[in-house]
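Asks: Sending over entry_1.cif (mmCIF, C-alpha atoms).
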```
data_model
#
loop_
_atom_site.group_PDB
_atom_site.id
_atom_site.type_symbol
_atom_site.label_atom_id
_atom_site.label_comp_id
_atom_site.auth_asym_id
_atom_site.auth_seq_id
_atom_site.Cartn_x
_atom_site.Cartn_y
_atom_site.Cartn_z
ATOM 1 C CA MET A 1 23.629 -87.125 4.796
ATOM 2 C CA LEU A 2 19.958 -88.052 5.099
ATOM 3 C CA SER A 3 18.930 -84.384 5.355
ATOM 4 C CA GLN A 4 21.027 -83.545 2.295
ATOM 5 C CA ALA A 5 19.430 -86.397 0.373
ATOM 6 C CA ILE A 6 15.980 -84.981 1.137
ATOM 7 C CA GLY A 7 17.123 -81.475 0.216
ATOM 8 C CA GLY A 8 18.690 -82.800 -2.975
ATOM 9 C CA PHE A 9 15.520 -84.543 -4.132
ATOM 10 C CA ALA A 10 13.474 -81.393 -3.440
ATOM 11 C CA ALA A 11 16.040 -79.229 -5.251
ATOM 12 C CA THR A 12 16.125 -81.575 -8.254
ATOM 13 C CA TYR A 13 12.373 -81.217 -8.726
ATOM 14 C CA HIS A 14 12.562 -77.417 -8.613
ATOM 15 C CA HIS A 15 15.681 -77.208 -10.818
ATOM 16 C CA HIS A 16 13.739 -79.078 -13.487
ATOM 17 C CA LYS A 17 10.561 -77.073 -12.913
ATOM 18 C CA TYR A 18 12.339 -73.709 -13.203
ATOM 19 C CA LYS A 19 14.537 -74.915 -16.093
ATOM 20 C CA ASN A 20 17.914 -74.529 -14.398
ATOM 21 C CA ALA A 21 18.538 -78.025 -15.772
ATOM 22 C CA GLU A 22 16.416 -80.579 -17.668
ATOM 23 C CA PHE A 23 15.881 -84.072 -16.323
ATOM 24 C CA ASN A 24 13.626 -85.702 -18.904
ATOM 25 C CA TRP A 25 14.580 -89.136 -20.248
ATOM 26 C CA LYS A 26 16.358 -87.780 -23.339
ATOM 27 C CA SER A 27 18.230 -84.870 -21.744
ATOM 28 C CA GLY A 28 22.006 -84.643 -21.508
ATOM 29 C CA ASP A 29 21.682 -83.295 -17.956
ATOM 30 C CA LEU A 30 20.025 -86.520 -16.795
ATOM 31 C CA LYS A 31 22.725 -88.623 -18.465
ATOM 32 C CA ILE A 32 25.499 -86.658 -16.758
ATOM 33 C CA ALA A 33 23.770 -86.844 -13.346
ATOM 34 C CA ALA A 34 23.204 -90.596 -13.727
ATOM 35 C CA PHE A 35 26.830 -91.059 -14.779
ATOM 36 C CA ILE A 36 28.099 -89.146 -11.739
ATOM 37 C CA PHE A 37 25.839 -91.190 -9.450
ATOM 38 C CA GLY A 38 26.872 -94.512 -11.014
ATOM 39 C CA ILE A 39 30.563 -93.735 -10.680
ATOM 40 C CA GLY A 40 30.056 -92.371 -7.176
ATOM 41 C CA LEU A 41 28.117 -95.351 -5.836
ATOM 42 C CA ILE A 42 31.253 -97.496 -5.764
ATOM 43 C CA SER A 43 33.169 -94.738 -3.975
ATOM 44 C CA VAL A 44 30.435 -94.440 -1.338
ATOM 45 C CA ILE A 45 30.990 -97.982 -0.076
ATOM 46 C CA ILE A 46 34.771 -97.571 -0.001
ATOM 47 C CA GLY A 47 34.488 -94.181 1.697
ATOM 48 C CA ALA A 48 32.258 -95.444 4.493
ATOM 49 C CA PHE A 49 34.889 -98.024 5.503
ATOM 50 C CA ILE A 50 37.710 -95.461 5.320
ATOM 51 C CA GLY A 51 35.756 -92.763 7.179
ATOM 52 C CA ILE A 52 35.278 -94.902 10.272
ATOM 53 C CA LYS A 53 39.039 -95.302 10.698
ATOM 54 C CA LEU A 54 40.458 -91.860 9.773
ATOM 55 C CA PRO A 55 40.875 -89.008 12.325
ATOM 56 C CA LYS A 56 38.267 -86.257 11.809
ATOM 57 C CA ASP A 57 40.823 -83.428 11.676
ATOM 58 C CA TYR A 58 42.654 -85.076 8.774
ATOM 59 C CA LEU A 59 39.366 -85.329 6.886
ATOM 60 C CA LYS A 60 38.626 -81.626 7.429
ATOM 61 C CA TRP A 61 42.036 -80.604 6.086
ATOM 62 C CA TYR A 62 41.745 -82.895 3.088
ATOM 63 C CA ILE A 63 38.237 -81.791 2.068
ATOM 64 C CA GLY A 64 39.061 -78.151 2.808
ATOM 65 C CA ILE A 65 42.181 -78.126 0.630
ATOM 66 C CA LEU A 66 40.316 -79.886 -2.189
ATOM 67 C CA CYS A 67 37.478 -77.308 -2.078
ATOM 68 C CA VAL A 68 39.996 -74.448 -2.270
ATOM 69 C CA ILE A 69 41.786 -76.062 -5.232
ATOM 70 C CA MET A 70 38.576 -76.715 -7.206
ATOM 71 C CA GLY A 71 37.197 -73.254 -6.496
ATOM 72 C CA SER A 72 40.467 -71.641 -7.533
ATOM 73 C CA ILE A 73 40.534 -73.560 -10.826
ATOM 74 C CA VAL A 74 37.060 -72.276 -11.718
ATOM 75 C CA LEU A 75 37.824 -68.730 -10.562
ATOM 76 C CA LEU A 76 41.048 -68.447 -12.574
ATOM 77 C CA ARG A 77 39.688 -69.826 -15.856
ATOM 78 C CA LYS A 78 36.846 -68.403 -17.935
ATOM 79 C CA LYS A 79 36.134 -71.208 -20.410
ATOM 80 C CA PHE A 80 36.216 -74.985 -20.131
ATOM 81 C CA ASN A 81 35.756 -77.805 -22.631
ATOM 82 C CA PHE A 82 33.377 -80.651 -21.709
ATOM 83 C CA SER A 83 34.962 -84.006 -20.899
ATOM 84 C CA TRP A 84 33.309 -87.237 -19.676
ATOM 85 C CA LYS A 85 36.619 -88.253 -18.086
ATOM 86 C CA LYS A 86 36.679 -85.063 -15.996
ATOM 87 C CA VAL A 87 33.048 -85.585 -14.943
ATOM 88 C CA GLY A 88 33.714 -89.219 -14.001
ATOM 89 C CA PHE A 89 36.806 -88.335 -11.975
ATOM 90 C CA ILE A 90 35.026 -85.535 -10.113
ATOM 91 C CA GLY A 91 32.015 -87.796 -9.435
ATOM 92 C CA ALA A 92 34.134 -90.613 -8.008
ATOM 93 C CA LEU A 93 36.330 -88.340 -5.916
ATOM 94 C CA SER A 94 33.421 -86.304 -4.539
ATOM 95 C CA ALA A 95 31.360 -89.356 -3.596
ATOM 96 C CA LEU A 96 34.375 -90.816 -1.801
ATOM 97 C CA ASN A 97 34.780 -87.543 0.090
ATOM 98 C CA LYS A 98 31.080 -87.428 0.920
ATOM 99 C CA SER A 99 31.000 -90.926 2.324
ATOM 100 C CA ILE A 100 34.240 -90.436 4.267
ATOM 101 C CA SER A 101 33.389 -87.118 5.881
ATOM 102 C CA GLY A 102 29.698 -86.332 5.311
ATOM 103 C CA GLY A 103 30.668 -83.095 3.532
ATOM 104 C CA GLY A 104 32.446 -81.534 0.603
ATOM 105 C CA TYR A 105 30.277 -83.045 -2.154
ATOM 106 C CA GLY A 106 28.346 -79.990 -3.362
ATOM 107 C CA PRO A 107 31.212 -77.476 -3.601
ATOM 108 C CA ILE A 108 33.534 -79.984 -5.273
ATOM 109 C CA VAL A 109 31.020 -81.415 -7.771
ATOM 110 C CA ALA A 110 29.495 -78.047 -8.693
ATOM 111 C CA SER A 111 32.877 -76.385 -9.252
ATOM 112 C CA GLY A 112 34.244 -79.589 -10.803
ATOM 113 C CA ASN A 113 31.367 -79.791 -13.283
ATOM 114 C CA ILE A 114 32.008 -76.208 -14.339
ATOM 115 C CA ALA A 115 35.702 -77.076 -14.760
ATOM 116 C CA ALA A 116 34.574 -80.065 -16.851
ATOM 117 C CA GLY A 117 32.762 -77.707 -19.236
ATOM 118 C CA ILE A 118 29.167 -77.795 -17.947
ATOM 119 C CA GLN A 119 27.191 -74.535 -17.814
ATOM 120 C CA ALA A 120 26.985 -73.076 -14.285
ATOM 121 C CA LYS A 121 23.200 -73.367 -13.759
ATOM 122 C CA LYS A 122 23.119 -76.873 -15.162
ATOM 123 C CA SER A 123 26.121 -77.791 -13.023
ATOM 124 C CA ILE A 124 24.281 -76.849 -9.827
ATOM 125 C CA GLY A 125 21.133 -78.714 -10.884
ATOM 126 C CA ILE A 126 23.091 -81.817 -11.889
ATOM 127 C CA THR A 127 25.003 -81.696 -8.601
ATOM 128 C CA ASP A 128 21.768 -81.706 -6.581
ATOM 129 C CA PHE A 129 20.337 -84.528 -8.711
ATOM 130 C CA ALA A 130 23.424 -86.732 -8.286
ATOM 131 C CA GLU A 131 23.966 -85.776 -4.639
ATOM 132 C CA ALA A 132 20.535 -86.902 -3.446
ATOM 133 C CA PRO A 133 20.950 -90.669 -4.103
ATOM 134 C CA ILE A 134 24.665 -90.502 -3.209
ATOM 135 C CA CYS A 135 23.779 -89.026 0.190
ATOM 136 C CA LEU A 136 21.025 -91.590 0.725
ATOM 137 C CA ALA A 137 23.419 -94.438 -0.139
ATOM 138 C CA SER A 138 26.076 -92.947 2.159
ATOM 139 C CA PHE A 139 23.570 -92.681 5.012
ATOM 140 C CA ILE A 140 22.513 -96.316 4.604
ATOM 141 C CA ALA A 141 26.174 -97.454 4.451
ATOM 142 C CA TRP A 142 27.069 -95.559 7.638
ATOM 143 C CA VAL A 143 24.010 -96.822 9.522
ATOM 144 C CA ALA A 144 24.765 -100.392 8.423
ATOM 145 C CA LEU A 145 28.407 -100.146 9.515
ATOM 146 C CA ASN A 146 27.289 -98.735 12.878
ATOM 147 C CA LYS A 147 25.035 -101.726 13.568
ATOM 148 C CA TRP A 148 21.917 -99.977 12.198
ATOM 149 C CA THR A 149 22.029 -97.216 14.808
ATOM 150 C CA ILE A 150 19.914 -94.223 13.707
ATOM 151 C CA PRO A 151 21.280 -90.749 14.637
ATOM 152 C CA SER A 152 19.432 -88.654 17.240
ATOM 153 C CA TYR A 153 15.955 -87.696 16.013
ATOM 154 C CA ASN A 154 16.253 -84.359 17.839
ATOM 155 C CA LEU A 155 18.950 -83.383 15.350
ATOM 156 C CA LEU A 156 17.844 -85.461 12.370
ATOM 157 C CA ILE A 157 14.289 -84.133 11.989
ATOM 158 C CA PRO A 158 15.057 -80.358 12.112
ATOM 159 C CA LEU A 159 17.957 -80.838 9.676
ATOM 160 C CA CYS A 160 15.725 -82.741 7.246
ATOM 161 C CA ILE A 161 13.006 -80.078 7.406
ATOM 162 C CA GLY A 162 15.529 -77.267 6.865
ATOM 163 C CA ALA A 163 17.209 -79.080 3.969
ATOM 164 C CA PHE A 164 13.842 -79.747 2.314
ATOM 165 C CA LEU A 165 12.845 -76.070 2.500
ATOM 166 C CA GLY A 166 16.268 -74.972 1.256
ATOM 167 C CA GLY A 167 15.988 -77.419 -1.621
ATOM 168 C CA LEU A 168 12.731 -75.781 -2.710
ATOM 169 C CA ILE A 169 13.848 -72.154 -2.330
ATOM 170 C CA GLY A 170 17.396 -72.361 -3.761
ATOM 171 C CA PRO A 171 16.473 -73.363 -7.346
ATOM 172 C CA ILE A 172 13.875 -70.559 -7.537
ATOM 173 C CA LEU A 173 16.512 -67.966 -6.613
ATOM 174 C CA LEU A 174 18.974 -69.532 -9.068
ATOM 175 C CA SER A 175 16.452 -69.322 -11.917
ATOM 176 C CA LYS A 176 16.266 -65.519 -11.504
ATOM 177 C CA SER A 177 19.942 -65.032 -12.397
ATOM 178 C CA LYS A 178 20.774 -64.506 -16.082
ATOM 179 C CA SER A 179 24.575 -64.406 -15.845
ATOM 180 C CA HIS A 180 26.185 -67.852 -16.038
ATOM 181 C CA LEU A 181 29.637 -66.315 -15.483
ATOM 182 C CA LEU A 182 28.447 -64.665 -12.246
ATOM 183 C CA ILE A 183 26.989 -67.965 -11.017
ATOM 184 C CA ALA A 184 30.228 -69.793 -11.855
ATOM 185 C CA ARG A 185 32.235 -67.222 -9.905
ATOM 186 C CA LEU A 186 29.875 -67.442 -6.937
ATOM 187 C CA VAL A 187 30.171 -71.247 -6.918
ATOM 188 C CA ALA A 188 33.968 -70.912 -7.010
ATOM 189 C CA ILE A 189 34.061 -68.324 -4.205
ATOM 190 C CA LEU A 190 31.723 -70.370 -1.997
ATOM 191 C CA ALA A 191 33.834 -73.485 -2.589
ATOM 192 C CA ILE A 192 36.978 -71.582 -1.551
ATOM 193 C CA VAL A 193 35.283 -70.083 1.533
ATOM 194 C CA SER A 194 33.910 -73.510 2.541
ATOM 195 C CA GLY A 195 37.370 -75.010 2.147
ATOM 196 C CA LEU A 196 39.061 -72.305 4.202
ATOM 197 C CA LEU A 197 36.477 -72.723 6.974
ATOM 198 C CA LEU A 198 37.095 -76.491 7.041
ATOM 199 C CA ILE A 199 40.858 -75.992 7.149
ATOM 200 C CA GLY A 200 40.386 -73.527 10.037
ATOM 201 C CA LEU A 201 38.214 -75.999 11.930
ATOM 202 C CA GLY A 202 40.845 -78.676 11.475
ATOM 203 C CA LEU A 203 43.662 -76.585 12.961
#
```
Represent the structure of the file as structure tokens.
Replies:
Amino acid sequence: MLSQAIGGFAATYHHHKYKNAEFNWKSGDLKIAAFIFGIGLISVIIGAFIGIKLPKDYLKWYIGILCVIMGSIVLLRKKFNFSWKKVGFIGALSALNKSISGGGYGPIVASGNIAAGIQAKKSIGITDFAEAPICLASFIAWVALNKWTIPSYNLLIPLCIGAFLGGLIGPILLSKSKSHLLIARLVAILAIVSGLLLIGLGL
């Protein structure tokens, strides 16, 4: 979660720089990202308590099935109408999932935002913006609940470096694409593939 927070902050900067999404003080993208984070912050605390008690295999199945459902919804429909209620629901559910399992946030929020009527490029940028503080809050909650034990630095540092580099490169590649429909379909397919992989790992 810490590595994804670092990657998310790096990606947010480049999404704004390359105009995949706009995060100035008056932009709608910033308002949506802040709304998703605000809703999700409550879920993060709840999820951390639940995640400690639930079996890991159950979490994999749950997140996997949810990713497949969200991806399928986006893949089967071509046009969506924007709704704050949809965005709020997706934000709360995804943050809960993230805090419980450490995964599933990006595919669910990105595909969920598209299903809520947000343009594909903006959806990805908003997801990275909201995910960064959600991941940081989740990391702090988990460390606190585990008596402030920091994960192994041998794993933590390489993951953080890789996530940071990915966060810089990904938005540049995204900015080169001109087809929002293609991006939406790719997000949906990746969400479905991620879900199927999780379900397979849980079996």
Asks: Can you translate the PyMOL selection byres ((chain A and resi 167-179) around 8) into the concrete residues it hits in this file, as a PyMOL selection string?
Replies: chain A and resi 7-12+14-15+18-20+121+125+163-166+180-183
Asks: Write the residues you've just listed into a file as a compact mmCIF listing (two decimals), in the coordinates of the input, and include C-alpha atoms for each of them.
Replies:
```
# COMPACT_ATOMS: atom_id res chain seq x y z
CA GLY A 7 17.12 -81.47 0.22
CA GLY A 8 18.69 -82.80 -2.98
CA PHE A 9 15.52 -84.54 -4.13
CA ALA A 10 13.47 -81.39 -3.44
CA ALA A 11 16.04 -79.23 -5.25
CA THR A 12 16.12 -81.58 -8.25
CA HIS A 14 12.56 -77.42 -8.61
CA HIS A 15 15.68 -77.21 -10.82
CA TYR A 18 12.34 -73.71 -13.20
CA LYS A 19 14.54 -74.92 -16.09
CA ASN A 20 17.91 -74.53 -14.40
CA LYS A 121 23.20 -73.37 -13.76
CA GLY A 125 21.13 -78.71 -10.88
CA ALA A 163 17.21 -79.08 3.97
CA PHE A 164 13.84 -79.75 2.31
CA LEU A 165 12.84 -76.07 2.50
CA GLY A 166 16.27 -74.97 1.26
CA HIS A 180 26.18 -67.85 -16.04
CA LEU A 181 29.64 -66.32 -15.48
CA LEU A 182 28.45 -64.67 -12.25
CA ILE A 183 26.99 -67.96 -11.02
```
Asks: Give the answer as one residue: which of A:Ala130, A:Leu155, A:Gly200, A:Val143 has the shortest atom-to-atom distance to A:Ile36, using all atoms listed in the file?
Replies: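 Closest candidate: A:Ala130.
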Asks: Just checking: using only C-alpha atoms, which residue out of A:Ile69, A:Ala115, A:Ile42, A:Ile100 ends up closest to A:Lys85?
Replies: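 Counting only C-alpha atoms, the residue closest to A:Lys85 is A:Ala115.
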Asks: Which residue gives the smallest distance to A:Phe35 among A:Gly117, A:Pro55, A:Gly195, A:Gly88, with all atoms listed in the file counted?
Replies: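 Nearest to A:Phe35: A:Gly88.
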Asks: Would you work out the distance separating atom CA of A:Leu76 from atom CA of A:Val109, expressed in Å to one decimal?
Replies: 17.1 Å
Asks: Any idea what the distance is between atom CA of A:Ala92 and atom CA of A:Gly40?
Replies: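 Atom CA of A:Gly40 lies at a distance of 4.5 Å from atom CA of A:Ala92.
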Asks: Can you list, as a ChimeraX atom specification, every protein, DNA or RNA residue that comes within 12 Å of A:Asn81 when you count all atoms listed in the file, leaving out same-chain residues fewer than 6 positions away?
Replies: /A:87,113-119
Asks: Using only C-alpha atoms, pick whichever of A:Tyr62, A:Phe49, A:Phe129, A:Phe82 has the shortest atom-to-atom distance to A:Ala21.
Replies: A:Phe129
Asks: So that I can see what lies close to A:Ser72, please list as an MDAnalysis selection string the residues with an atom at most 10 Å from it, counting all atoms listed in the file and leaving out residues fewer than 5 positions away in the same chain.
Replies: chainID A and resid 66:67 77 111 185 188:189 191:192
Asks: For stretch 4-6 of chain A, please output as a ChimeraX atom specification all residues within 12 Å (counting only C-alpha atoms; exclusion window: fewer than 4 positions along the same chain).
Replies: /A:10-13,98,102-106,127-140,156-168
Asks: Expressed in Å to a single decimal, how great is the separation between atom CA of A:Ser123 and atom CA of A:Gly47?
Replies: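 Computing the Euclidean distance for atom CA of A:Ser123 and atom CA of A:Gly47 yields 23.6 Å.
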Asks: May I have the residues within 7 Å of A:Ile126 as an NGL selection string, using all atoms listed in the file and disregarding those fewer than 4 positions away in the same chain?
Replies: :A and (29 or 33 or 122 or 130)
Asks: Give the centre and edge lengths of an axis-aligned box, in Å to one decimal, that holds all listed atoms of stretch 87-99 of chain A with 4 Å on each side, as AutoDock Vina command-line options.
Replies:
```
--center_x 33.9 --center_y -88.2 --center_z -6.3 --size_x 13.8 --size_y 13.4 --size_z 25.3
```
